[in-house]
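Down below is the structure, laid out as structure tokens.
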Protein chains: 2
Amino acid sequence: MKEKEFIQIIKSTLNSEYIGDDCAYLKSLGIVITQDSLVEDVHFKMDYMTPYQLGYKSVMVNISDICASGAKPEYLTISLSLPKHIDKDFIKNFYEGAKEACQDVEIVGGDLTGSDKIFVSVTAIGSTKGRKISSRSNAKEGYKVIVSGEHGNSAKGLELLLNGKTEPDKFINAHIMPVAQREFSKQIASNADYDYAMMDTSDGLADALMQIAKASGVTISVDTSKIPHDPSVDMETVLYGGEDYGLVAVVPDSGNFTCIGEVTSGKTGIIIDGIFYSDIDDKLYKHFEENK
Amino acid sequence: MKEKEFIQIIKSTLNSEYIGDDCAYLKSLGIVITQDSLVEDVHFKMDYMTPYQLGYKSVMVNISDICASGAKPEYLTISLSLPKHIDKDFIKNFYEGAKEACQDVEIVGGDLTGSDKIFVSVTAIGSTKGRKISSRSNAKEGYKVIVSGEHGNSAKGLELLLNGKTEPDKFINAHIMPVAQREFSKQIASNADYDYAMMDTSDGLADALMQIAKASGVTISVDTSKIPHDPSVDMETVLYGGEDYGLVAVVPDSGNFTCIGEVTSGKTGIIIDGIFYSDIDDKLYKHFEENK
């Protein structure tokens with residue numbers, strides 16, 4: 001996978017301790033920071049998305065990354081590059097959608113430039129005050145795997161949209177207007193007096209588990225019958241479909257949360273219903289190959 | 001100018017106190033933040049720029065914005081969107097250039113996606129500890145206008161490049177490898193016990209002065225004979241050529257710095273060698289019109 005190979009080159013060029021989690025934890029400043037971009041015709045198409053929805057989603061995906069770190073989302077900046085044909089209404093609707101996704105997060109800056117296609121890059125800042133910050137390398141043997149929300153609904157929604165359908169609302173909204181799991185994040189991070197791993201499921205539930213397994217050097221075993229999902233969504237989509245923006249955490253004790261598996265001894269990888277995988281790259285969504 | 005009109009719409013949609021300066025000052029976190037994007041064929045062309053130079057410049061322009069705020073540049077994230085034909089060497093050279101521009105600033109994250117054209121969006125974070133933060137609305141009558149560096153060299157370099165020339169080095173380097181004015185910034189911001197305005201000259205010296213004049217509601221009067229510049233660069237280029245990334249500050253006392261003018265009473269605008277301008281938009285570089 002070209003993207004992962006490039007990231008290895010970046011890591012070795014920068015020789016930085018920070019590259020690894022979706023958010024960088026800047027201890028000296030008491031913040032976490034994350035930046036993510038959405039590119040027209042790679043991550044979205046304006047055929048099936050309104051400017052409002054684009055503004056909403058661009059912000060939400062970054063707030064979700066902050067939630068995955070355990071920090072409290074507080075501020076963000078938006079860089080927007082737009083073709084000449086874009087008008088005032090687009091700008092107004094985009095920022096109204098962005099504001100809706102923000103809730104109490106404040107948009108404090110960014111910039112605006114020209115481009116051939118729409119390009120949105122959002123940076124979000126979270127405060128670490130009163131929160132324990134996660135790392136995907138924190139999973140340990142005996143820890144439990146807990147999740148928020150239903151899985152696979154966004155991928156199902158995308159499939160419907162690509163086939164020209166605009167309902168059922170449940171799936172369409174899961175893709176177009178996903179909701180960051182602030183409350184789940186807050187509950188974990190405010191109460192944790194232990195190290196834990198947490199990721200969002202932007203690239204799919206199985207990918208998040210694999211990333212945690214690899215970064216922690218552990219085996220994560222999952223029982224698919226325990227994964228919350230809509231009965232009409234097949235298990236491949238539940239496991240590998242991306243962009244739900246649920247959270248998955250690996251913690252010492254599952255408490256009242258939905259537990260779908262645990263960390264066991266063995267080789268680095270994931271076990272799904274008894275079958276071991278050391279890699280799942282062939283099942284993942286690939287930006288570089290989709291890019292024409 | 002479409003870009004300024006769009007920014008007004010963003011301001012009114014967000015109703016935010018933050019949008020105005022290049023950096024947002026987040027007092028609760030003790031940081032400033034800025035984000036700026038560079039788009040292929042809008043802000044740069046790979047015909048006359050190496051990946052190393054692109055990495056360098058993308059980082060430098062954001063560090064320059066942090067310097068203009070008076071904060072100490074500390075961390076940054078880089079979001080990079082790349083066409084399929086990009087190879088490993090591009091990535092390696094880009095990040096080597098980025099690292100060179102960073103000096104002691106640390107690159108802590110970002111993301112990597114596909115796109116049709118190269119798109120770079122960088123977010124920089126500065127610490128406000130021990131620094132007084134500038135605002136372009138802080139200029140007051142009687143204040144002096146001080147500058148760092150020579151002006152117009154970058155625009156002259158761009159003109160040479162666009163005509164297929166690669167020397168003199170002085171002008172080419174001023175365009176391709178400009179240097180953020182960290183020391184000038186530190187001297188002003190570490191010692192200021194007063195409010196002051198500071199901007200970089202990314203959009204030209206005259207534009208920076210006009211932005212400060214408008215935000216502060218003052219007249220800024222400049223004597224062009226005092227502006228440091230190479231004798232071979234004409235005064236139009238010195239005043240309106242962008243991307244030098246010098247700093248211009250408006251402070252109570254010019255001290256040992258190069259003073260090129262002062263804040264006088266009168267209408268909002270700038271006076272250049274005795275001639276008043278309420279606007280200079282027709283002289284500025286326009287991204288949206290240049291974008292094909």
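Within each chain, counting starts at residue 1; across the structure tokens, chains are named A, B, ... in the order shown, with ligands numbered 1 upward in that order.
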- request: With a distance threshold of 8 Å and counting only C-alpha atoms, extract the residues of chain A near chain B and express them as a ChimeraX atom specification.
  value: /A:3,6-7,9-10,13-14,16-19,22-24,29-31,33-37,39,42,77-79,83-84,88,91-92,95-96,99,107-116,121,123,127,287-289,291-292
Residues from last step as file, N, CA and C atoms, as a compact mmCIF listing (two decimals), in the first residue's frame:
```
# COMPACT_ATOMS: atom_id res chain seq x y z
N GLU A 3 0.42 4.46 0.43
CA GLU A 3 0.27 5.45 1.48
C GLU A 3 1.10 5.07 2.72
N PHE A 6 4.81 5.49 2.07
CA PHE A 6 5.18 6.90 2.14
C PHE A 6 5.30 7.36 3.59
N ILE A 7 4.39 6.89 4.42
CA ILE A 7 4.41 7.30 5.83
C ILE A 7 5.69 6.80 6.51
N ILE A 9 8.54 6.50 5.03
CA ILE A 9 9.60 7.41 4.57
C ILE A 9 9.56 8.71 5.36
N ILE A 10 8.35 9.21 5.60
CA ILE A 10 8.21 10.45 6.39
C ILE A 10 8.77 10.23 7.79
N THR A 13 12.53 10.11 7.67
CA THR A 13 13.12 11.41 7.36
C THR A 13 13.04 12.34 8.57
N LEU A 14 11.90 12.32 9.26
CA LEU A 14 11.71 13.25 10.37
C LEU A 14 12.29 12.71 11.67
N SER A 16 10.83 11.41 14.15
CA SER A 16 10.04 12.07 15.18
C SER A 16 9.32 11.05 16.05
N GLU A 17 9.22 11.36 17.34
CA GLU A 17 8.48 10.50 18.26
C GLU A 17 6.96 10.67 18.08
N TYR A 18 6.55 11.70 17.37
CA TYR A 18 5.14 12.05 17.34
C TYR A 18 4.31 11.31 16.29
N ILE A 19 4.94 11.00 15.14
CA ILE A 19 4.17 10.41 14.05
C ILE A 19 3.76 8.99 14.43
N ASP A 22 -3.27 9.31 15.39
CA ASP A 22 -3.93 10.31 14.55
C ASP A 22 -3.73 11.72 15.10
N CYS A 23 -3.69 11.82 16.42
CA CYS A 23 -3.40 13.11 17.04
C CYS A 23 -1.98 13.09 17.58
N ALA A 24 -1.34 14.23 17.55
CA ALA A 24 -0.04 14.38 18.22
C ALA A 24 -0.31 15.00 19.59
N LEU A 29 2.51 21.86 25.84
CA LEU A 29 1.45 22.87 25.66
C LEU A 29 0.10 22.39 26.21
N GLY A 30 0.01 21.12 26.63
CA GLY A 30 -1.26 20.60 27.15
C GLY A 30 -2.34 20.47 26.10
N ILE A 31 -1.92 20.16 24.88
CA ILE A 31 -2.89 20.02 23.79
C ILE A 31 -2.60 18.77 22.95
N ILE A 33 -3.18 17.75 18.71
CA ILE A 33 -3.46 18.40 17.42
C ILE A 33 -3.60 17.33 16.35
N THR A 34 -4.52 17.54 15.43
CA THR A 34 -4.69 16.63 14.30
C THR A 34 -5.06 17.43 13.07
N GLN A 35 -4.65 16.95 11.90
CA GLN A 35 -5.00 17.63 10.65
C GLN A 35 -5.38 16.58 9.62
N ASP A 36 -6.51 16.78 8.95
CA ASP A 36 -6.98 15.85 7.93
C ASP A 36 -7.58 16.62 6.77
N SER A 37 -7.37 16.08 5.58
CA SER A 37 -7.85 16.74 4.38
C SER A 37 -8.89 15.90 3.65
N VAL A 39 -10.47 15.66 -0.28
CA VAL A 39 -10.24 16.11 -1.65
C VAL A 39 -11.41 15.68 -2.54
N VAL A 42 -11.84 12.34 -4.62
CA VAL A 42 -11.07 11.29 -3.96
C VAL A 42 -11.85 10.84 -2.72
N THR A 77 -9.14 25.14 12.77
CA THR A 77 -8.90 26.02 11.63
C THR A 77 -9.27 25.26 10.36
N ILE A 78 -9.72 26.00 9.36
CA ILE A 78 -10.16 25.39 8.10
C ILE A 78 -9.47 26.06 6.93
N SER A 79 -8.79 25.27 6.13
CA SER A 79 -8.21 25.77 4.89
C SER A 79 -9.04 25.23 3.74
N PRO A 83 -12.55 26.06 -6.66
CA PRO A 83 -12.56 26.47 -8.07
C PRO A 83 -13.30 27.79 -8.26
N LYS A 84 -13.05 28.42 -9.39
CA LYS A 84 -13.64 29.74 -9.68
C LYS A 84 -15.17 29.77 -9.67
N LYS A 88 -21.02 32.58 -3.42
CA LYS A 88 -21.23 32.96 -2.02
C LYS A 88 -22.04 31.94 -1.24
N ILE A 91 -20.06 29.04 0.09
CA ILE A 91 -19.26 29.41 1.26
C ILE A 91 -20.14 29.47 2.52
N LYS A 92 -21.27 30.15 2.36
CA LYS A 92 -22.18 30.32 3.51
C LYS A 92 -22.66 28.95 4.02
N TYR A 95 -19.87 26.80 5.70
CA TYR A 95 -19.54 27.20 7.08
C TYR A 95 -20.69 26.98 8.05
N GLU A 96 -21.92 27.00 7.55
CA GLU A 96 -23.05 26.66 8.43
C GLU A 96 -22.97 25.18 8.82
N LYS A 99 -20.16 24.75 11.31
CA LYS A 99 -20.56 25.23 12.63
C LYS A 99 -21.45 24.20 13.35
N ILE A 107 -14.29 27.74 15.58
CA ILE A 107 -13.47 27.88 14.37
C ILE A 107 -12.73 29.21 14.49
N VAL A 108 -11.39 29.16 14.51
CA VAL A 108 -10.62 30.35 14.83
C VAL A 108 -9.74 30.85 13.68
N GLY A 109 -9.74 30.16 12.56
CA GLY A 109 -8.90 30.65 11.47
C GLY A 109 -8.83 29.70 10.31
N GLY A 110 -7.82 29.92 9.47
CA GLY A 110 -7.64 29.12 8.28
C GLY A 110 -7.31 29.99 7.10
N ASP A 111 -7.48 29.48 5.89
CA ASP A 111 -7.32 30.35 4.74
C ASP A 111 -8.17 29.88 3.57
N LEU A 112 -8.13 30.67 2.52
CA LEU A 112 -9.01 30.49 1.38
C LEU A 112 -8.14 30.74 0.15
N THR A 113 -8.08 29.73 -0.76
CA THR A 113 -7.30 29.92 -1.99
C THR A 113 -8.06 29.36 -3.18
N GLY A 114 -7.53 29.59 -4.36
CA GLY A 114 -8.08 28.99 -5.56
C GLY A 114 -7.53 27.59 -5.78
N SER A 115 -8.22 26.82 -6.62
CA SER A 115 -7.76 25.48 -7.00
C SER A 115 -8.65 24.97 -8.13
N ASP A 116 -8.26 23.83 -8.72
CA ASP A 116 -9.11 23.22 -9.75
C ASP A 116 -10.28 22.48 -9.13
N SER A 121 -8.90 21.26 4.18
CA SER A 121 -7.98 20.72 5.18
C SER A 121 -8.30 21.37 6.52
N THR A 123 -7.66 21.51 10.73
CA THR A 123 -6.82 21.19 11.89
C THR A 123 -7.65 21.38 13.15
N SER A 127 -7.93 20.06 24.23
CA SER A 127 -7.26 20.30 25.50
C SER A 127 -7.15 18.98 26.28
N HIS A 287 -6.93 5.13 -1.10
CA HIS A 287 -7.08 6.43 -1.74
C HIS A 287 -6.28 6.52 -3.04
N PHE A 288 -5.03 6.02 -2.99
CA PHE A 288 -4.17 6.23 -4.16
C PHE A 288 -4.65 5.46 -5.38
N GLU A 289 -5.23 4.30 -5.15
CA GLU A 289 -5.71 3.53 -6.30
C GLU A 289 -7.05 4.05 -6.83
N ASN A 291 -7.81 7.15 -6.82
CA ASN A 291 -7.55 8.44 -7.45
C ASN A 291 -7.22 8.23 -8.93
N LYS A 292 -7.99 8.86 -9.76
CA LYS A 292 -7.78 8.64 -11.20
C LYS A 292 -6.51 9.34 -11.69
```
task: Write out as a list in words each polymer residue whose atoms come within 6 Å of region 219-226 of chain B, counting only C-alpha atoms; drop sequence neighbours fewer than 3 positions from it.
output: Ala213, Ile260, Gly261, Glu262, Val263, Thr264, Gly266, Lys267, Thr268, Gly269, Ile270, Ile271, Ile272 and Asp273 of chain B
So that I have them on file, write out the residues from the current selection with C-alpha atoms, as a compact mmCIF listing (two decimals), in the first residue's frame.
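Dumped everything to part-v1.txt:
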```
# COMPACT_ATOMS: atom_id res chain seq x y z
CA ALA B 213 -4.25 50.79 8.66
CA ILE B 260 10.17 53.72 7.14
CA GLY B 261 7.23 55.81 8.32
CA GLU B 262 4.72 56.60 11.02
CA VAL B 263 1.06 56.61 11.97
CA THR B 264 -0.51 60.02 11.41
CA GLY B 266 -6.44 61.41 9.05
CA LYS B 267 -8.56 59.00 7.04
CA THR B 268 -8.09 55.22 7.11
CA GLY B 269 -5.52 54.26 4.51
CA ILE B 270 -1.88 54.65 3.61
CA ILE B 271 0.15 57.59 2.36
CA ILE B 272 3.05 56.71 0.07
CA ASP B 273 5.44 59.63 -0.49
```
statement: From CA of Glu141 (chain B) to CA of Lys129 (chain B) the spacing works out at 28.3 Å
Taking 5 positions as the minimum chain separation for residues in the same chain, which residues sit within 12 Å of Asp200 (chain A) when counting only C-alpha atoms? Answer as a CSV table (one decimal) with C-alpha atoms, in the first residue's frame.
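In the end it all went to result_8.csv:
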```csv
chain,number,residue,atom,x,y,z
A,21,ASP,CA,-1.3,8.3,16.4
A,22,ASP,CA,-3.9,10.3,14.6
A,23,CYS,CA,-3.4,13.1,17.0
A,60,MET,CA,-16.6,16.1,12.2
A,61,VAL,CA,-13.8,13.8,11.0
A,62,ASN,CA,-11.2,16.0,12.8
A,63,ILE,CA,-13.3,16.3,16.0
A,64,SER,CA,-13.6,12.5,15.9
A,65,ASP,CA,-9.8,12.2,15.8
A,66,ILE,CA,-9.6,14.5,18.9
A,67,CYS,CA,-12.2,12.3,20.6
A,68,ALA,CA,-10.1,9.2,19.8
A,69,SER,CA,-7.2,10.7,21.7
A,70,GLY,CA,-9.4,11.3,24.7
A,134,SER,CA,-4.8,7.4,24.5
A,135,SER,CA,-2.1,5.8,22.4
A,136,ARG,CA,-2.6,3.0,19.9
A,146,ILE,CA,-15.1,-1.9,23.8
A,147,VAL,CA,-17.0,0.0,21.1
A,148,SER,CA,-19.5,2.8,20.7
A,149,GLY,CA,-22.3,2.9,18.1
A,151,HIS,CA,-20.7,-0.4,12.6
A,178,PRO,CA,-21.7,11.0,11.1
A,179,VAL,CA,-21.5,12.1,14.7
A,180,ALA,CA,-18.2,12.2,16.7
A,181,GLN,CA,-18.4,10.1,19.9
A,182,ARG,CA,-17.6,12.9,22.3
A,184,PHE,CA,-17.9,7.9,25.0
A,185,SER,CA,-14.5,9.6,24.7
A,205,LEU,CA,-13.4,-1.4,12.7
A,206,ALA,CA,-11.0,-4.2,11.7
A,207,ASP,CA,-8.4,-1.7,10.5
A,208,ALA,CA,-8.6,0.2,13.8
A,209,LEU,CA,-8.1,-3.1,15.7
A,211,GLN,CA,-3.5,-0.7,13.9
A,212,ILE,CA,-3.8,-1.0,17.7
A,242,GLY,CA,-15.0,2.8,6.9
A,243,GLU,CA,-16.3,6.3,7.9
A,244,ASP,CA,-18.6,5.3,10.7
A,245,TYR,CA,-16.5,7.4,13.2
A,246,GLY,CA,-17.4,5.1,16.0
A,247,LEU,CA,-14.8,4.7,18.7
A,248,VAL,CA,-13.1,1.5,19.7
A,249,ALA,CA,-11.1,1.4,22.9
A,250,VAL,CA,-8.9,-1.2,24.5
```
Alpha helix (DSSP H) per DSSP on the backbone: members of region 139-265 of chain A, as a PyMOL selection string: chain A and resi 153-162+169-176+182-191+205-216+235-240
Got time to write the residues from that selection, N, CA and C atoms, as a compact mmCIF listing (two decimals), in the first residue's frame?
```
# COMPACT_ATOMS: atom_id res chain seq x y z
N ASN A 153 -22.73 1.13 8.96
CA ASN A 153 -23.84 1.92 8.41
C ASN A 153 -23.38 2.96 7.38
N SER A 154 -22.20 3.54 7.62
CA SER A 154 -21.72 4.56 6.69
C SER A 154 -21.36 3.94 5.33
N ALA A 155 -20.69 2.80 5.35
CA ALA A 155 -20.30 2.14 4.08
C ALA A 155 -21.56 1.71 3.31
N LYS A 156 -22.56 1.24 4.05
CA LYS A 156 -23.83 0.89 3.42
C LYS A 156 -24.47 2.14 2.79
N GLY A 157 -24.39 3.25 3.48
CA GLY A 157 -24.93 4.52 2.96
C GLY A 157 -24.22 4.95 1.69
N LEU A 158 -22.88 4.83 1.69
CA LEU A 158 -22.10 5.20 0.50
C LEU A 158 -22.49 4.32 -0.69
N GLU A 159 -22.65 3.02 -0.45
CA GLU A 159 -23.04 2.10 -1.51
C GLU A 159 -24.40 2.51 -2.10
N LEU A 160 -25.33 2.87 -1.23
CA LEU A 160 -26.65 3.32 -1.70
C LEU A 160 -26.51 4.58 -2.56
N LEU A 161 -25.74 5.54 -2.08
CA LEU A 161 -25.55 6.80 -2.80
C LEU A 161 -24.92 6.58 -4.16
N LEU A 162 -23.92 5.71 -4.20
CA LEU A 162 -23.23 5.45 -5.48
C LEU A 162 -24.16 4.75 -6.47
N ASP A 169 -32.80 6.73 5.30
CA ASP A 169 -32.10 7.83 5.96
C ASP A 169 -31.00 7.35 6.91
N LYS A 170 -31.30 6.28 7.64
CA LYS A 170 -30.34 5.79 8.65
C LYS A 170 -28.93 5.61 8.06
N PHE A 171 -28.89 4.99 6.87
CA PHE A 171 -27.58 4.71 6.26
C PHE A 171 -27.00 5.94 5.56
N ILE A 172 -27.86 6.67 4.87
CA ILE A 172 -27.41 7.89 4.17
C ILE A 172 -26.82 8.88 5.19
N ASN A 173 -27.55 9.09 6.28
CA ASN A 173 -27.06 10.02 7.32
C ASN A 173 -25.78 9.53 7.98
N ALA A 174 -25.70 8.20 8.16
CA ALA A 174 -24.48 7.65 8.78
C ALA A 174 -23.26 7.99 7.93
N HIS A 175 -23.46 8.05 6.59
CA HIS A 175 -22.34 8.39 5.71
C HIS A 175 -22.11 9.89 5.61
N ILE A 176 -23.19 10.62 5.48
CA ILE A 176 -23.07 12.06 5.17
C ILE A 176 -22.95 12.93 6.42
N ARG A 182 -18.22 12.09 21.27
CA ARG A 182 -17.64 12.92 22.34
C ARG A 182 -17.88 12.33 23.72
N GLU A 183 -19.10 11.82 23.95
CA GLU A 183 -19.47 11.38 25.30
C GLU A 183 -18.72 10.11 25.69
N PHE A 184 -18.64 9.16 24.74
CA PHE A 184 -17.88 7.93 24.97
C PHE A 184 -16.43 8.28 25.30
N SER A 185 -15.85 9.18 24.49
CA SER A 185 -14.48 9.63 24.69
C SER A 185 -14.29 10.24 26.08
N LYS A 186 -15.20 11.12 26.43
CA LYS A 186 -15.10 11.81 27.72
C LYS A 186 -15.18 10.82 28.89
N GLN A 187 -16.09 9.86 28.77
CA GLN A 187 -16.26 8.88 29.85
C GLN A 187 -14.99 8.06 30.05
N ILE A 188 -14.38 7.65 28.94
CA ILE A 188 -13.15 6.86 29.06
C ILE A 188 -12.01 7.73 29.60
N ALA A 189 -11.80 8.88 28.94
CA ALA A 189 -10.59 9.67 29.20
C ALA A 189 -10.63 10.42 30.53
N SER A 190 -11.83 10.74 31.01
CA SER A 190 -11.93 11.47 32.28
C SER A 190 -11.74 10.55 33.47
N ASN A 191 -12.05 9.27 33.26
CA ASN A 191 -12.01 8.33 34.39
C ASN A 191 -10.79 7.41 34.39
N LEU A 205 -13.63 -0.81 11.37
CA LEU A 205 -13.41 -1.38 12.70
C LEU A 205 -12.21 -2.33 12.69
N ALA A 206 -12.14 -3.21 11.69
CA ALA A 206 -11.05 -4.19 11.66
C ALA A 206 -9.70 -3.49 11.50
N ASP A 207 -9.67 -2.43 10.69
CA ASP A 207 -8.42 -1.68 10.51
C ASP A 207 -7.98 -1.04 11.82
N ALA A 208 -8.92 -0.44 12.55
CA ALA A 208 -8.58 0.19 13.84
C ALA A 208 -7.98 -0.85 14.78
N LEU A 209 -8.61 -2.03 14.83
CA LEU A 209 -8.10 -3.09 15.71
C LEU A 209 -6.71 -3.55 15.27
N MET A 210 -6.53 -3.66 13.96
CA MET A 210 -5.22 -4.09 13.44
C MET A 210 -4.15 -3.04 13.76
N GLN A 211 -4.49 -1.75 13.61
CA GLN A 211 -3.52 -0.69 13.92
C GLN A 211 -3.11 -0.76 15.39
N ILE A 212 -4.08 -0.96 16.25
CA ILE A 212 -3.78 -1.04 17.69
C ILE A 212 -2.94 -2.29 17.98
N ALA A 213 -3.33 -3.43 17.36
CA ALA A 213 -2.59 -4.68 17.57
C ALA A 213 -1.12 -4.52 17.14
N LYS A 214 -0.93 -3.90 15.97
CA LYS A 214 0.44 -3.73 15.45
C LYS A 214 1.25 -2.76 16.32
N ALA A 215 0.64 -1.62 16.67
CA ALA A 215 1.38 -0.62 17.45
C ALA A 215 1.72 -1.15 18.85
N SER A 216 0.83 -2.01 19.38
CA SER A 216 1.04 -2.54 20.74
C SER A 216 1.78 -3.87 20.74
N MET A 235 -21.53 -8.74 7.36
CA MET A 235 -20.41 -8.68 8.30
C MET A 235 -19.13 -8.13 7.65
N GLU A 236 -18.90 -8.37 6.35
CA GLU A 236 -17.74 -7.78 5.66
C GLU A 236 -17.79 -6.25 5.77
N THR A 237 -18.97 -5.70 5.54
CA THR A 237 -19.15 -4.25 5.62
C THR A 237 -19.01 -3.76 7.06
N VAL A 238 -19.53 -4.52 8.02
CA VAL A 238 -19.43 -4.16 9.43
C VAL A 238 -17.95 -4.09 9.84
N LEU A 239 -17.16 -5.05 9.38
CA LEU A 239 -15.75 -5.12 9.78
C LEU A 239 -14.85 -4.17 9.00
N TYR A 240 -15.10 -4.07 7.69
CA TYR A 240 -14.14 -3.38 6.83
C TYR A 240 -14.64 -2.05 6.26
```
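The two atoms in question, CA of Thr201 (chain B) and CA of Asn138 (chain B), are spaced 17.2 Å apart.
As for CA of Ala71 (chain A) and CA of Lys72 (chain B), they are spaced 23.8 Å apart.
Inside region 109-150 of chain A, the residues DSSP reads as strand (DSSP E) when given the backbone are Gly109, Gly110, Asp111, Leu112, Thr113, Gly114, Phe119, Val120, Ser121, Val122, Thr123, Ala124, Ile125, Gly126, Ser127, Lys144, Val145, Ile146 and Val147 of chain A.
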Using N, CA and C atoms, can you export the residues from the last selection as a short mmCIF file (atom, residue, chain, number, x, y, z; two decimals), in the first residue's frame?
```cif
data_model
loop_
_atom_site.label_atom_id
_atom_site.label_comp_id
_atom_site.auth_asym_id
_atom_site.auth_seq_id
_atom_site.Cartn_x
_atom_site.Cartn_y
_atom_site.Cartn_z
N GLY A 109 -9.74 30.16 12.56
CA GLY A 109 -8.90 30.65 11.47
C GLY A 109 -8.83 29.70 10.31
N GLY A 110 -7.82 29.92 9.47
CA GLY A 110 -7.64 29.12 8.28
C GLY A 110 -7.31 29.99 7.10
N ASP A 111 -7.48 29.48 5.89
CA ASP A 111 -7.32 30.35 4.74
C ASP A 111 -8.17 29.88 3.57
N LEU A 112 -8.13 30.67 2.52
CA LEU A 112 -9.01 30.49 1.38
C LEU A 112 -8.14 30.74 0.15
N THR A 113 -8.08 29.73 -0.76
CA THR A 113 -7.30 29.92 -1.99
C THR A 113 -8.06 29.36 -3.18
N GLY A 114 -7.53 29.59 -4.36
CA GLY A 114 -8.08 28.99 -5.56
C GLY A 114 -7.53 27.59 -5.78
N PHE A 119 -10.86 21.43 -2.15
CA PHE A 119 -9.93 20.82 -1.23
C PHE A 119 -10.14 21.43 0.14
N VAL A 120 -10.38 20.58 1.14
CA VAL A 120 -10.64 21.07 2.50
C VAL A 120 -9.61 20.44 3.43
N SER A 121 -8.90 21.26 4.18
CA SER A 121 -7.98 20.72 5.18
C SER A 121 -8.30 21.37 6.52
N VAL A 122 -8.61 20.52 7.49
CA VAL A 122 -9.02 21.02 8.81
C VAL A 122 -8.01 20.59 9.86
N THR A 123 -7.66 21.51 10.73
CA THR A 123 -6.82 21.19 11.89
C THR A 123 -7.65 21.38 13.15
N ALA A 124 -7.63 20.40 14.02
CA ALA A 124 -8.38 20.51 15.28
C ALA A 124 -7.42 20.41 16.45
N ILE A 125 -7.76 21.17 17.50
CA ILE A 125 -6.96 21.23 18.72
C ILE A 125 -7.83 20.78 19.88
N GLY A 126 -7.30 19.90 20.71
CA GLY A 126 -8.04 19.49 21.91
C GLY A 126 -7.23 19.79 23.15
N SER A 127 -7.93 20.06 24.23
CA SER A 127 -7.26 20.30 25.50
C SER A 127 -7.15 18.98 26.28
N LYS A 144 -9.77 -5.48 27.51
CA LYS A 144 -11.02 -5.73 26.79
C LYS A 144 -11.19 -4.72 25.65
N VAL A 145 -11.89 -5.15 24.60
CA VAL A 145 -12.17 -4.28 23.45
C VAL A 145 -13.61 -3.78 23.56
N ILE A 146 -13.78 -2.47 23.69
CA ILE A 146 -15.13 -1.91 23.78
C ILE A 146 -15.38 -0.95 22.62
N VAL A 147 -16.65 -0.83 22.24
CA VAL A 147 -16.99 0.02 21.08
C VAL A 147 -18.19 0.92 21.38
#
```
